[in-house]
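So this block is coords26.txt, compact mmCIF, N, CA and C atoms:
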```
# COMPACT_ATOMS: atom_id res chain seq x y z
N MET A 1 24.06 7.55 -0.41
CA MET A 1 22.75 7.25 -0.93
C MET A 1 21.93 6.59 0.17
N SER A 2 20.75 7.09 0.42
CA SER A 2 19.88 6.48 1.42
C SER A 2 19.12 5.33 0.79
N ALA A 3 18.52 4.51 1.64
CA ALA A 3 17.76 3.37 1.14
C ALA A 3 16.63 3.84 0.21
N CYS A 4 16.09 5.01 0.47
CA CYS A 4 15.01 5.53 -0.36
C CYS A 4 15.50 5.95 -1.74
N ASP A 5 16.78 6.25 -1.85
CA ASP A 5 17.34 6.69 -3.13
C ASP A 5 17.87 5.53 -3.96
N THR A 6 17.81 4.33 -3.43
CA THR A 6 18.31 3.17 -4.15
C THR A 6 17.50 2.96 -5.41
N THR A 7 18.18 2.77 -6.53
CA THR A 7 17.47 2.51 -7.78
C THR A 7 17.51 1.03 -8.08
N THR A 8 16.51 0.57 -8.76
CA THR A 8 16.39 -0.83 -9.14
C THR A 8 15.56 -0.92 -10.40
N GLU A 9 15.74 -2.00 -11.14
CA GLU A 9 14.95 -2.23 -12.34
C GLU A 9 13.46 -2.33 -12.01
N LEU A 10 13.14 -2.66 -10.76
CA LEU A 10 11.73 -2.85 -10.39
C LEU A 10 10.93 -1.56 -10.49
N VAL A 11 11.56 -0.40 -10.43
CA VAL A 11 10.81 0.84 -10.50
C VAL A 11 10.22 1.09 -11.88
N VAL A 12 10.66 0.33 -12.88
CA VAL A 12 10.10 0.49 -14.21
C VAL A 12 9.19 -0.68 -14.58
N SER A 13 8.71 -1.42 -13.58
CA SER A 13 7.80 -2.54 -13.83
C SER A 13 6.56 -2.05 -14.56
N GLN A 14 6.19 -2.76 -15.61
CA GLN A 14 4.98 -2.41 -16.35
C GLN A 14 3.79 -2.47 -15.42
N GLY A 15 2.98 -1.43 -15.41
CA GLY A 15 1.80 -1.37 -14.58
C GLY A 15 2.01 -0.71 -13.24
N LEU A 16 3.26 -0.52 -12.82
CA LEU A 16 3.52 0.13 -11.54
C LEU A 16 3.14 1.61 -11.66
N PRO A 17 2.22 2.08 -10.82
CA PRO A 17 1.83 3.49 -10.89
C PRO A 17 3.03 4.40 -10.65
N GLN A 18 3.12 5.47 -11.45
CA GLN A 18 4.26 6.39 -11.34
C GLN A 18 3.79 7.83 -11.32
N SER A 19 4.56 8.66 -10.64
CA SER A 19 4.32 10.10 -10.62
C SER A 19 4.79 10.68 -11.95
N PRO A 20 4.50 11.95 -12.22
CA PRO A 20 4.96 12.57 -13.47
C PRO A 20 6.47 12.50 -13.68
N ASP A 21 7.25 12.48 -12.58
CA ASP A 21 8.71 12.41 -12.73
C ASP A 21 9.22 10.96 -12.77
N GLY A 22 8.31 9.98 -12.80
CA GLY A 22 8.70 8.58 -12.95
C GLY A 22 8.91 7.81 -11.66
N ALA A 23 8.74 8.45 -10.53
CA ALA A 23 8.91 7.76 -9.24
C ALA A 23 7.67 6.90 -8.97
N PRO A 24 7.87 5.72 -8.36
CA PRO A 24 6.70 4.89 -8.05
C PRO A 24 5.82 5.57 -7.00
N ILE A 25 4.52 5.40 -7.15
CA ILE A 25 3.57 5.92 -6.16
C ILE A 25 2.70 4.75 -5.70
N PHE A 26 2.20 4.88 -4.48
CA PHE A 26 1.45 3.78 -3.88
C PHE A 26 0.17 4.34 -3.26
N ALA A 27 -0.94 3.67 -3.55
CA ALA A 27 -2.23 4.11 -3.01
C ALA A 27 -2.41 3.72 -1.56
N GLU A 28 -1.72 2.68 -1.12
CA GLU A 28 -1.86 2.17 0.25
C GLU A 28 -0.47 1.88 0.80
N PRO A 29 -0.30 2.01 2.12
CA PRO A 29 1.01 1.69 2.71
C PRO A 29 1.47 0.27 2.40
N TRP A 30 0.57 -0.68 2.37
CA TRP A 30 0.98 -2.06 2.11
C TRP A 30 1.51 -2.23 0.70
N HIS A 31 1.08 -1.39 -0.24
CA HIS A 31 1.63 -1.44 -1.60
C HIS A 31 3.12 -1.12 -1.55
N ALA A 32 3.46 -0.07 -0.82
CA ALA A 32 4.88 0.32 -0.69
C ALA A 32 5.67 -0.76 0.03
N GLN A 33 5.06 -1.37 1.03
CA GLN A 33 5.76 -2.42 1.77
C GLN A 33 6.00 -3.64 0.89
N ALA A 34 5.02 -4.02 0.09
CA ALA A 34 5.20 -5.16 -0.82
C ALA A 34 6.28 -4.84 -1.84
N PHE A 35 6.28 -3.63 -2.34
CA PHE A 35 7.31 -3.19 -3.29
C PHE A 35 8.69 -3.25 -2.64
N ALA A 36 8.79 -2.69 -1.43
CA ALA A 36 10.09 -2.65 -0.73
C ALA A 36 10.59 -4.06 -0.43
N MET A 37 9.70 -4.95 -0.03
CA MET A 37 10.11 -6.32 0.26
C MET A 37 10.66 -6.98 -1.01
N THR A 38 9.99 -6.75 -2.13
CA THR A 38 10.44 -7.33 -3.39
C THR A 38 11.79 -6.76 -3.80
N VAL A 39 11.95 -5.45 -3.68
CA VAL A 39 13.22 -4.81 -4.01
C VAL A 39 14.34 -5.38 -3.14
N HIS A 40 14.07 -5.51 -1.86
CA HIS A 40 15.07 -6.04 -0.92
C HIS A 40 15.48 -7.47 -1.31
N LEU A 41 14.51 -8.32 -1.58
CA LEU A 41 14.83 -9.71 -1.92
C LEU A 41 15.58 -9.79 -3.26
N HIS A 42 15.19 -8.97 -4.21
CA HIS A 42 15.90 -8.93 -5.49
C HIS A 42 17.33 -8.44 -5.30
N ALA A 43 17.51 -7.39 -4.51
CA ALA A 43 18.85 -6.84 -4.27
C ALA A 43 19.75 -7.83 -3.56
N ARG A 44 19.17 -8.71 -2.76
CA ARG A 44 19.94 -9.71 -2.02
C ARG A 44 20.20 -10.97 -2.85
N GLY A 45 19.71 -10.97 -4.09
CA GLY A 45 19.98 -12.10 -4.98
C GLY A 45 19.07 -13.29 -4.80
N VAL A 46 17.94 -13.10 -4.13
CA VAL A 46 17.01 -14.20 -3.90
C VAL A 46 16.40 -14.65 -5.24
N PHE A 47 16.17 -13.70 -6.13
CA PHE A 47 15.67 -14.01 -7.46
C PHE A 47 16.20 -12.98 -8.44
N SER A 48 16.24 -13.38 -9.69
CA SER A 48 16.73 -12.49 -10.74
C SER A 48 15.59 -11.59 -11.24
N TRP A 49 15.98 -10.57 -12.00
CA TRP A 49 14.99 -9.69 -12.61
C TRP A 49 14.10 -10.49 -13.55
N THR A 50 14.67 -11.40 -14.32
CA THR A 50 13.89 -12.21 -15.26
C THR A 50 12.89 -13.08 -14.51
N GLU A 51 13.32 -13.71 -13.41
CA GLU A 51 12.39 -14.54 -12.62
C GLU A 51 11.24 -13.69 -12.10
N TRP A 52 11.56 -12.49 -11.60
CA TRP A 52 10.51 -11.62 -11.07
C TRP A 52 9.55 -11.20 -12.18
N ALA A 53 10.08 -10.77 -13.30
CA ALA A 53 9.24 -10.31 -14.40
C ALA A 53 8.30 -11.41 -14.88
N GLU A 54 8.80 -12.62 -14.98
CA GLU A 54 7.98 -13.75 -15.41
C GLU A 54 6.88 -14.05 -14.39
N SER A 55 7.22 -14.02 -13.12
CA SER A 55 6.25 -14.30 -12.07
C SER A 55 5.16 -13.23 -12.03
N LEU A 56 5.57 -11.96 -12.10
CA LEU A 56 4.59 -10.86 -12.06
C LEU A 56 3.72 -10.88 -13.31
N SER A 57 4.31 -11.11 -14.46
CA SER A 57 3.54 -11.16 -15.70
C SER A 57 2.48 -12.26 -15.66
N ALA A 58 2.87 -13.42 -15.15
CA ALA A 58 1.91 -14.53 -15.05
C ALA A 58 0.72 -14.14 -14.18
N GLU A 59 0.98 -13.46 -13.07
CA GLU A 59 -0.12 -13.06 -12.17
C GLU A 59 -0.97 -11.95 -12.76
N VAL A 60 -0.34 -10.96 -13.35
CA VAL A 60 -1.07 -9.83 -13.92
C VAL A 60 -1.99 -10.27 -15.05
N HIS A 61 -1.59 -11.30 -15.78
CA HIS A 61 -2.35 -11.75 -16.94
C HIS A 61 -3.31 -12.90 -16.65
N ARG A 62 -3.49 -13.21 -15.37
CA ARG A 62 -4.47 -14.26 -15.03
C ARG A 62 -5.86 -13.77 -15.44
N PRO A 63 -6.71 -14.65 -15.95
CA PRO A 63 -8.03 -14.23 -16.44
C PRO A 63 -8.91 -13.57 -15.37
N GLU A 64 -8.72 -13.93 -14.12
CA GLU A 64 -9.59 -13.38 -13.07
C GLU A 64 -9.18 -11.98 -12.60
N ARG A 65 -8.08 -11.44 -13.10
CA ARG A 65 -7.66 -10.08 -12.74
C ARG A 65 -8.61 -9.06 -13.37
N VAL A 66 -8.82 -7.95 -12.66
CA VAL A 66 -9.74 -6.93 -13.16
C VAL A 66 -9.08 -6.14 -14.29
N ALA A 67 -9.89 -5.73 -15.23
CA ALA A 67 -9.37 -5.06 -16.43
C ALA A 67 -8.77 -3.70 -16.13
N ASP A 68 -9.25 -3.02 -15.08
CA ASP A 68 -8.75 -1.66 -14.81
C ASP A 68 -7.44 -1.64 -14.03
N GLY A 69 -6.91 -2.79 -13.67
CA GLY A 69 -5.63 -2.85 -12.97
C GLY A 69 -5.68 -2.48 -11.51
N SER A 70 -6.86 -2.32 -10.95
CA SER A 70 -6.96 -1.90 -9.55
C SER A 70 -6.47 -2.97 -8.58
N ASP A 71 -6.30 -4.19 -9.07
CA ASP A 71 -5.78 -5.25 -8.21
C ASP A 71 -4.30 -5.55 -8.51
N TYR A 72 -3.60 -4.55 -9.05
CA TYR A 72 -2.20 -4.73 -9.44
C TYR A 72 -1.34 -5.21 -8.28
N PHE A 73 -1.51 -4.60 -7.10
CA PHE A 73 -0.66 -5.01 -5.98
C PHE A 73 -1.11 -6.33 -5.37
N ASP A 74 -2.35 -6.72 -5.57
CA ASP A 74 -2.76 -8.08 -5.20
C ASP A 74 -1.98 -9.07 -6.08
N ALA A 75 -1.90 -8.75 -7.37
CA ALA A 75 -1.12 -9.59 -8.29
C ALA A 75 0.35 -9.58 -7.89
N TRP A 76 0.86 -8.42 -7.48
CA TRP A 76 2.26 -8.28 -7.07
C TRP A 76 2.56 -9.23 -5.91
N VAL A 77 1.72 -9.21 -4.88
CA VAL A 77 1.93 -10.06 -3.70
C VAL A 77 1.79 -11.53 -4.07
N SER A 78 0.82 -11.85 -4.90
CA SER A 78 0.66 -13.24 -5.34
C SER A 78 1.89 -13.70 -6.12
N ALA A 79 2.42 -12.82 -6.97
CA ALA A 79 3.61 -13.17 -7.75
C ALA A 79 4.81 -13.41 -6.83
N LEU A 80 4.96 -12.57 -5.83
CA LEU A 80 6.08 -12.73 -4.90
C LEU A 80 5.93 -14.03 -4.11
N ALA A 81 4.74 -14.31 -3.61
CA ALA A 81 4.52 -15.54 -2.85
C ALA A 81 4.77 -16.76 -3.73
N ALA A 82 4.29 -16.74 -4.97
CA ALA A 82 4.48 -17.87 -5.88
C ALA A 82 5.96 -18.07 -6.20
N LEU A 83 6.67 -16.98 -6.41
CA LEU A 83 8.10 -17.08 -6.72
C LEU A 83 8.88 -17.65 -5.54
N LEU A 84 8.57 -17.19 -4.34
CA LEU A 84 9.25 -17.71 -3.15
C LEU A 84 8.92 -19.17 -2.92
N GLU A 85 7.69 -19.55 -3.24
CA GLU A 85 7.30 -20.95 -3.11
C GLU A 85 8.07 -21.81 -4.11
N ARG A 86 8.15 -21.36 -5.37
CA ARG A 86 8.88 -22.12 -6.39
C ARG A 86 10.36 -22.28 -6.02
N LYS A 87 10.91 -21.30 -5.33
CA LYS A 87 12.31 -21.36 -4.94
C LYS A 87 12.51 -22.14 -3.64
N GLY A 88 11.43 -22.63 -3.04
CA GLY A 88 11.52 -23.41 -1.82
C GLY A 88 11.76 -22.57 -0.58
N LEU A 89 11.47 -21.27 -0.64
CA LEU A 89 11.70 -20.37 0.50
C LEU A 89 10.44 -20.12 1.32
N ALA A 90 9.30 -20.51 0.80
CA ALA A 90 8.04 -20.38 1.52
C ALA A 90 7.13 -21.49 1.01
N ASN A 91 6.16 -21.85 1.82
CA ASN A 91 5.19 -22.82 1.33
C ASN A 91 3.80 -22.20 1.38
N ARG A 92 2.94 -22.73 0.54
CA ARG A 92 1.60 -22.16 0.38
C ARG A 92 0.84 -22.09 1.70
N GLU A 93 0.97 -23.11 2.53
CA GLU A 93 0.23 -23.14 3.79
C GLU A 93 0.68 -22.00 4.72
N THR A 94 1.98 -21.77 4.79
CA THR A 94 2.50 -20.71 5.65
C THR A 94 2.06 -19.34 5.14
N VAL A 95 2.16 -19.14 3.84
CA VAL A 95 1.75 -17.86 3.25
C VAL A 95 0.27 -17.63 3.47
N GLU A 96 -0.55 -18.66 3.26
CA GLU A 96 -1.99 -18.51 3.44
C GLU A 96 -2.34 -18.27 4.91
N ALA A 97 -1.66 -18.93 5.82
CA ALA A 97 -1.90 -18.71 7.25
C ALA A 97 -1.56 -17.27 7.64
N LEU A 98 -0.47 -16.75 7.09
CA LEU A 98 -0.11 -15.35 7.37
C LEU A 98 -1.12 -14.38 6.76
N ARG A 99 -1.59 -14.67 5.55
CA ARG A 99 -2.59 -13.81 4.92
C ARG A 99 -3.85 -13.76 5.77
N GLU A 100 -4.29 -14.93 6.24
CA GLU A 100 -5.48 -14.99 7.09
C GLU A 100 -5.26 -14.24 8.41
N SER A 101 -4.06 -14.36 8.97
CA SER A 101 -3.74 -13.67 10.21
C SER A 101 -3.77 -12.16 10.01
N TRP A 102 -3.19 -11.69 8.90
CA TRP A 102 -3.23 -10.25 8.61
C TRP A 102 -4.66 -9.77 8.41
N GLN A 103 -5.50 -10.59 7.76
CA GLN A 103 -6.89 -10.21 7.55
C GLN A 103 -7.61 -10.06 8.89
N ARG A 104 -7.42 -11.03 9.78
CA ARG A 104 -8.04 -10.93 11.12
C ARG A 104 -7.52 -9.73 11.88
N ALA A 105 -6.21 -9.47 11.76
CA ALA A 105 -5.62 -8.31 12.43
C ALA A 105 -6.23 -7.02 11.90
N ALA A 106 -6.42 -6.93 10.59
CA ALA A 106 -7.02 -5.73 10.00
C ALA A 106 -8.44 -5.53 10.50
N GLU A 107 -9.19 -6.61 10.56
CA GLU A 107 -10.58 -6.52 11.03
C GLU A 107 -10.67 -6.16 12.51
N ALA A 108 -9.66 -6.51 13.30
CA ALA A 108 -9.68 -6.24 14.73
C ALA A 108 -9.05 -4.89 15.09
N THR A 109 -8.47 -4.22 14.13
CA THR A 109 -7.76 -2.97 14.41
C THR A 109 -8.73 -1.80 14.30
N PRO A 110 -8.76 -0.93 15.32
CA PRO A 110 -9.63 0.25 15.24
C PRO A 110 -9.24 1.14 14.06
N HIS A 111 -10.24 1.78 13.47
CA HIS A 111 -10.00 2.67 12.33
C HIS A 111 -8.96 3.72 12.68
N GLY A 112 -8.01 3.90 11.80
CA GLY A 112 -6.97 4.90 11.99
C GLY A 112 -5.73 4.40 12.71
N ALA A 113 -5.83 3.26 13.35
CA ALA A 113 -4.68 2.69 14.06
C ALA A 113 -3.88 1.83 13.08
N PRO A 114 -2.58 1.71 13.30
CA PRO A 114 -1.79 0.85 12.41
C PRO A 114 -2.18 -0.62 12.57
N ILE A 115 -2.24 -1.30 11.46
CA ILE A 115 -2.54 -2.73 11.48
C ILE A 115 -1.25 -3.47 11.80
N GLU A 116 -1.28 -4.23 12.87
CA GLU A 116 -0.13 -5.02 13.28
C GLU A 116 -0.56 -6.46 13.46
N LEU A 117 0.32 -7.37 13.12
CA LEU A 117 -0.01 -8.79 13.22
C LEU A 117 -0.41 -9.16 14.64
N SER A 118 0.13 -8.46 15.62
CA SER A 118 -0.22 -8.75 17.01
C SER A 118 -1.69 -8.45 17.31
N ASN A 119 -2.38 -7.74 16.42
CA ASN A 119 -3.82 -7.45 16.60
C ASN A 119 -4.70 -8.64 16.24
N ASP A 120 -4.13 -9.67 15.63
CA ASP A 120 -4.89 -10.86 15.29
C ASP A 120 -5.33 -11.54 16.57
N PRO A 121 -6.64 -11.63 16.83
CA PRO A 121 -7.11 -12.23 18.08
C PRO A 121 -6.77 -13.72 18.21
N LEU A 122 -6.47 -14.39 17.10
CA LEU A 122 -6.14 -15.81 17.16
C LEU A 122 -4.65 -16.08 17.22
N ARG A 123 -3.84 -15.04 17.13
CA ARG A 123 -2.39 -15.21 17.13
C ARG A 123 -1.91 -15.37 18.58
N THR A 124 -1.07 -16.36 18.80
CA THR A 124 -0.56 -16.57 20.17
C THR A 124 0.88 -16.18 20.27
```

Could you spell out this file's structure in structure tokens?
Amino acid sequence: MSACDTTTELVVSQGLPQSPDGAPIFAEPWHAQAFAMTVHLHARGVFSWTEWAESLSAEVHRPERVADGSDYFDAWVSALAALLERKGLANRETVEALRESWQRAAEATPHGAPIELSNDPLRT
């Protein structure tokens, strides 16, 4: 079984976009990367399925989320960051600094080129 064929409870997450055959689909590469990171951490025992479901549900149901679900993966990333923070594996300042660095990298990257953290003009 290849890593791509690995099954997990996360593929049936409520709100996760799916193809007609039930496979997860992603509108942006970063959606797939956030999904893969979550699957990896769950598979390694960093958090349980129940912990993940509770964290994601809390983020998805925040009042400021858009009704059409177009910010689903924003909620996904926020849920993952919050869960890792609660478990003492990340802190808000580090996560926010990385988010800002990725944003600067995205803004500095020419259209069509891959966004890499090294593109952040303020990163040393």

Would you work out the distance separating atom CA of A:Pro29 from atom CA of A:Gly88, expressed in Å to one decimal?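 Atom-to-atom, atom CA of A:Pro29 and atom CA of A:Gly88 are spaced 27.6 Å apart.
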
Just the number, please: distance in Å from atom C of A:Trp76 to atom CA of A:Leu56, one decimal. 6.7 Å

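The environment of stretch 92-102 of chain A within 7 Å, counting only N, CA and C atoms and disregarding residues fewer than 5 places along the same chain, consists of Glu85, Glu107, Glu116, Leu117 and Asp120 of chain A.
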
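The space separating atom N of A:Val39 from atom CA of A:Ala113 comes to 25.6 Å.
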
Could you put an axis-aligned box around every listed atom of stretch 70-85 of chain A, padded by 8 Å on each side, and send me its centre and edge lengths in Å to one decimal, as JSON?
```
{"center_x": 1.1, "center_y": -11.9, "center_z": -6.9, "size_x": 32.2, "size_y": 35.9, "size_z": 24.1}
```

Run DSSP on the backbone and tell me which residues of chain A come out as helix (DSSP H, G or I); list them as JSON, numbers by chain. {"A": [3, 4, 5, 9, 10, 11, 12, 29, 30, 31, 32, 33, 34, 35, 36, 37, 38, 39, 40, 41, 42, 43, 49, 50, 51, 52, 53, 54, 55, 56, 57, 58, 59, 60, 72, 73, 74, 75, 76, 77, 78, 79, 80, 81, 82, 83, 84, 85, 86, 92, 93, 94, 95, 96, 97, 98, 99, 100, 101, 102, 103, 104, 105, 106, 107, 108, 117, 118, 119]}

Measuring atom to atom with only N, CA and C atoms, identify which of A:Leu83, A:Ala67, A:Ala32, A:Ile25 is nearest to A:Phe47.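 When distances to A:Phe47 are compared using only N, CA and C atoms, the smallest one comes from A:Leu83.
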
Smallest atom-to-atom distance to A:Ser55: which of A:Ser70, A:Thr38, A:Ala82, A:Gln103, using all atoms listed in the file?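 Of A:Ser70, A:Thr38, A:Ala82, A:Gln103, the one nearest A:Ser55 is A:Ala82, counting all atoms listed in the file.
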
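Look at A:Phe73: the protein and nucleic acid residues within 10 Å of it, using only C-alpha atoms and passing over chain neighbours fewer than 2 places away, are Gly15, Leu16, Phe26, Ala27, Glu28, Trp30, His31, Ala32, Ala34, Phe35, Leu56, Val60, Gly69, Ser70, Asp71, Ala75, Trp76, Val77, Ser78 and Ala79 of chain A.
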
Pick from A:Leu122, A:Pro24, A:Arg86, A:Ser19 nearest to A:Glu51, counting only C-alpha atoms: A:Arg86
